[in-house]
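Remarks on the structure that follows.
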Amino acid sequence: MPKLQGFDFWRTTLKGACYVVAPMVDQSELAWRMLSRRHGAHLCYTPMLHAQVFVRDGNYRKENLYNDVCPEDRPLIAQFCANDPEVFVQAALLAQDYCDAIDLNIGCPQMIAKRGHYGAFLQDEWDLLHKMITVGNERLCVPITCKIRVFSEIDKTVKYAKMLEKAGCQMLTVHGRTKEQKGPLTGVASWEHIKAVRKAVSIPVLANGNIQYLSDVDRCIQETGVLGVMSAEGHLHNPALFEGRNPPVWEMAEEYLEIVRLYPCSLSYIRAHLFKMWHHTLQVYQGLRDELAKVKTIAGVEEVNRELKRRCQEEMANQVEGEKPKGGLPFPHWICQPYVRPGPKKLPVENGDRSTEAKTCSKRALEDEEGNPEFLSKNKLKKKARNPHKNFDLAQKPKYAKCEQCGNPKGNKCVFSLCRGCCKKKAFKETADCPGHGLLFKTKFEKSLKWKHAENEGMMNGDKAGGHIQTDSITAQLNGTESGNVV
């Protein structure tokens with residue numbers, strides 16, 4: 001049977017999927033996918049898989065794909081991050097029999113993607129991406145899809161999408177944020193970018209970004225003209241999002257834990273999901289947050305869920321009729337609902353000077369310069385509780401001289417005024433010493449030369465001594481023969 005492409009692939013293989021659960025590292029495991037499908041999801045992705053690890057590690061393949069085979073878990077797309085065409089194709093060939101398509105992740109904006117040189121940090125390397133998709137499209141039996149982030153310019157984003165289509169991409173998911181929009185700088189996704197891409201390409205387009213309720217899904221499809229909508233954060237906080245329901249948090253947790261009994265997964269995955277679903281409730285009952293963090297078994301997690309349910313139901317019984325939810329929430333905290341991440345703290349702009357406003361882009365700007373506990377992160381508040389004298393005032397922190405090459409603190413006694421890593425590279429390259437970092441490349445090299453010189457001299461002296469012995473022996477033999485003749 002020939003490989004289906006474009007709209008035929010979307011209509012037939014993906015069954016016209018409209019509601020899609022995004023691929024999420026460590027949070028798109030089989031149990032969560034099965035819960036999602038129960039509550040309206042048409043299409044799910046595997047967690048992002050690292051192509052190189054998938055190729056070389058059989059256990060990684062089993063744990064993340066092979067052991068999770070389930071007939072009800074279809075249609076399913078396996079997503080890979082990669083930066084080498086051959087490695088990407090090898091991984092995809094190993095996975096293609098267990099999924100309906102292979103997705104190339106070129107949308108991950110996290111620091112780990114920057115260090116590994118994949119995800120959104122490949123979006124400027126069009127030749128590499130073109131080759132990866134082209135080779136994959138030629139050699140695989142299943143279609144290649146892509147998940148991307150946008151550029152700030154709509155025109156460049158459109159050209160980018162058309163390049164991917166030309167290379168052989170059969171479906172495109174467009175996250176309407178740039179790679180810089182993450183964490184406290186997440187902001188609002190641009191549906192205008194998504195709409196422009198959808199109009200420019202001739203393959204199915206899915207939208208991602210700003211999806212918190214089912215009404216957002218309908219509005220996004222209407223405004224952009226896409227065939228379907230993908231949700232990540234919104235769906236993690238409310239797994240019934242695609243049903244248009246907002247159930248109690250303990251109800252969703254109970255159902256998820258029942259599915260986990262059928263399709264076991266790591267306890268860390270379970271905790272992560274419950275922290276998301278219970279986010280607003282754990283702001284009220286903070287002791288339960290610590291309990292959830294401590295439990296070591298699923299039975300322990302179920303016990304924490306029962307306690308959370310008991311407390312919430314007591315609060316519901318004592319609730320005054322007509323009372324508005326606290327904390328500015330649209331629903332009471334025990335109802336599944338989205339979490340809107342706060343943006344960076346705004347600093348005043350004086351005399352039209354934008355330099356202070358630009359400082360809000362720094363994570364450090366989220367905290368008050370004087371270390372006011374009101375503005376400290378939760379982790380720092382915990383450290384403050386353990387050590388009340390701990391000071392987070394940036395002005396009082398010791399200032400370190402920076403490495404001339406990378407900006408890390410330099411070694412105080414480094415002869416090159418560099419950090420250890422840069423110093424080691426320089427000393428090795430130049431065969432030099434740095435006593436401050438304990439690097440003795442020059443000394444060791446000179447010692448090795450002396451040792452070789454001494455060894456060579458020893459060999460030469462040995463040859464000379466052997467030559468003298470051999471000469472004396474021959475002379476003695478000649479003398480002996482001459483004496484015998486005289487006799």
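Here, A, B, ... name the chains of the structure tokens in the order displayed, residue numbers run from 1 inside each chain, and ligands are numbered from 1 in the same displayed order.
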
Can you tell me which residues surround Cys434 of chain A at a distance of at most 12 Å, considering only C-alpha atoms, apart from same-chain residues fewer than 4 positions away, and format the answer as a PyMOL selection string?
chain A and resi 411-420+422-428+430+438-443

Within 9 Å of Tyr213 of chain A using only C-alpha atoms, minus same-chain residues under 2 positions, as a PyMOL selection string
chain A and resi 211+215-217+234-235+238+241-242+244-245+337-338

Taking only C-alpha atoms into account, which of A:His193, A:Lys444, A:His42, A:Lys131 comes nearest Leu164 of chain A?
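Checking each of A:His193, A:Lys444, A:His42, A:Lys131 against Leu164 of chain A, counting only C-alpha atoms, the winner is A:Lys131.
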
Would you please give, as a VMD selection string, all residues of segment 204-391 of chain A that DSSP assigns to alpha helix (DSSP H) based on the backbone?
chain A and resid 214 to 224 233 to 237 249 to 262 267 to 277 279 to 284 286 to 294 298 to 317 355 to 358 378 to 386

Any idea what the distance is between atom CA of Val340 of chain A and atom CA of Val295 of chain A?
27.8 Å

Find the residues around segment 63-70 of chain A up to 7 Å (only C-alpha atoms counted), leave out those fewer than 3 positions away in its own chain, and share them as a list in words.
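So, after excluding close chain neighbours, the residues are Leu30, Asn59, Tyr60, Asp73 and Tyr98 of chain A.
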
Write the selection just made, keeping N, CA and C atoms, as a PDB file, in the first residue's frame?
```pdb
ATOM      1  N   LEU A  30       2.046   6.430  28.293  1.00  0.00           N
ATOM      2  CA  LEU A  30       0.860   5.695  27.851  1.00  0.00           C
ATOM      3  C   LEU A  30      -0.346   5.938  28.755  1.00  0.00           C
ATOM      4  N   ASN A  59      17.169  -0.693  25.856  1.00  0.00           N
ATOM      5  CA  ASN A  59      16.288  -0.501  27.015  1.00  0.00           C
ATOM      6  C   ASN A  59      15.484   0.788  26.879  1.00  0.00           C
ATOM      7  N   TYR A  60      16.129   1.826  26.355  1.00  0.00           N
ATOM      8  CA  TYR A  60      15.438   3.107  26.137  1.00  0.00           C
ATOM      9  C   TYR A  60      14.282   2.912  25.146  1.00  0.00           C
ATOM     10  N   ASP A  73      -4.352   2.769  21.728  1.00  0.00           N
ATOM     11  CA  ASP A  73      -3.535   3.989  21.726  1.00  0.00           C
ATOM     12  C   ASP A  73      -3.161   4.387  20.293  1.00  0.00           C
ATOM     13  N   TYR A  98       5.635   0.998  15.159  1.00  0.00           N
ATOM     14  CA  TYR A  98       4.898   1.139  16.411  1.00  0.00           C
ATOM     15  C   TYR A  98       4.085   2.435  16.465  1.00  0.00           C
TER      16      TYR A  98
END
```

Would you please work out which residue, of A:Arg341, A:Tyr263, A:Val320, A:Pro143, is nearest to Gly183 of chain A when using only C-alpha atoms?
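The closest residue to Gly183 of chain A is A:Arg341.
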
Considering only C-alpha atoms, state which residue in the set A:Gln27, A:Glu86, A:Phe151, A:Pro109 is at the smallest distance from Lys276 of chain A.
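Of A:Gln27, A:Glu86, A:Phe151, A:Pro109, the one nearest Lys276 of chain A is A:Gln27, counting only C-alpha atoms.
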
Could you pull out the residues in segment 102-292 of chain A that DSSP calls strand (DSSP E) from the backbone, as a PyMOL selection string?
chain A and resi 102-106+144-149+171-175+205-208+228-231

Of the residues A:Lys429, A:Glu303, A:Asp84, A:Arg198, which is the one nearest to Glu165 of chain A, using only C-alpha atoms?
A:Arg198

Looking at only C-alpha atoms, which of A:Tyr19, A:Gly407, A:Asn83, A:Glu314 is the one that sits closest to Ala120 of chain A?
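Among the listed residues, A:Asn83 lies closest to Ala120 of chain A.
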
Between atom CA of Arg289 of chain A and atom CA of Tyr269 of chain A, what is the distance in Å, rounded to a tenth?
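Separation of atom CA of Arg289 of chain A and atom CA of Tyr269 of chain A: 15.3 Å.
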
Please, what distance in Å, to one decimal, runs between atom CA of Ala240 of chain A and atom CA of Leu282 of chain A?
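Interatomic distance, atom CA of Ala240 of chain A to atom CA of Leu282 of chain A: 19.8 Å.
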
Mind checking which residues fall within 12 Å of Leu274 of chain A, counting only C-alpha atoms, ignoring those fewer than 6 positions away in the same chain, and posting them as a VMD selection string?
chain A and resid 27 32 236 to 239 249 to 257 267 to 268 280 to 282 288 to 289 292 to 293 298 301 to 302 304 to 305 308 336

Using only C-alpha atoms, can you tell me which of A:Arg56, A:Pro264, A:Thr186, A:Phe7 comes closest to Val201 of chain A?
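Result for the nearest residue to Val201 of chain A: A:Phe7.
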
Neighbour list for Val55 of chain A as number ranges by chain, cut-off 12 Å, only C-alpha atoms, skip fewer than 4 positions in-chain:
A: 49-51, 59-62, 80, 82, 86-95

Just C-alpha atoms for this one: save the residues we selected as a compact mmCIF listing (two decimals), in the first residue's frame.
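Contents of the output file again-v9.txt:
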```txt
# COMPACT_ATOMS: atom_id res chain seq x y z
CA LEU A 49 12.51 10.84 22.24
CA HIS A 50 16.22 11.47 21.77
CA ALA A 51 17.12 9.91 18.41
CA ASN A 59 16.29 -0.50 27.02
CA TYR A 60 15.44 3.11 26.14
CA ARG A 61 13.45 1.84 23.13
CA LYS A 62 11.56 -0.67 25.24
CA PHE A 80 12.16 12.64 17.92
CA ALA A 82 17.79 15.06 16.31
CA GLU A 86 21.34 9.55 9.37
CA VAL A 87 20.75 9.19 13.13
CA PHE A 88 17.23 10.61 12.76
CA VAL A 89 16.37 8.13 10.00
CA GLN A 90 17.87 5.17 11.89
CA ALA A 91 15.78 6.02 14.96
CA ALA A 92 12.66 6.52 12.84
CA LEU A 93 13.16 3.15 11.11
CA LEU A 94 13.27 1.47 14.53
CA ALA A 95 10.06 3.23 15.59
```

Selection near Ala232 of chain A, 10 Å with only C-alpha atoms, sequence-local residues under 6 positions removed, as a VMD selection string:
chain A and resid 20 to 24 27 to 28 208 to 212 239

Report as a ChimeraX atom specification all protein, DNA and RNA residues lying within 12 Å of Gly107 of chain A, evaluated on only C-alpha atoms, omitting residues in the same chain fewer than 2 positions from it.
/A:22-24,48,79-82,103-105,109-110,113-114,117-124,146-151,172-182,208
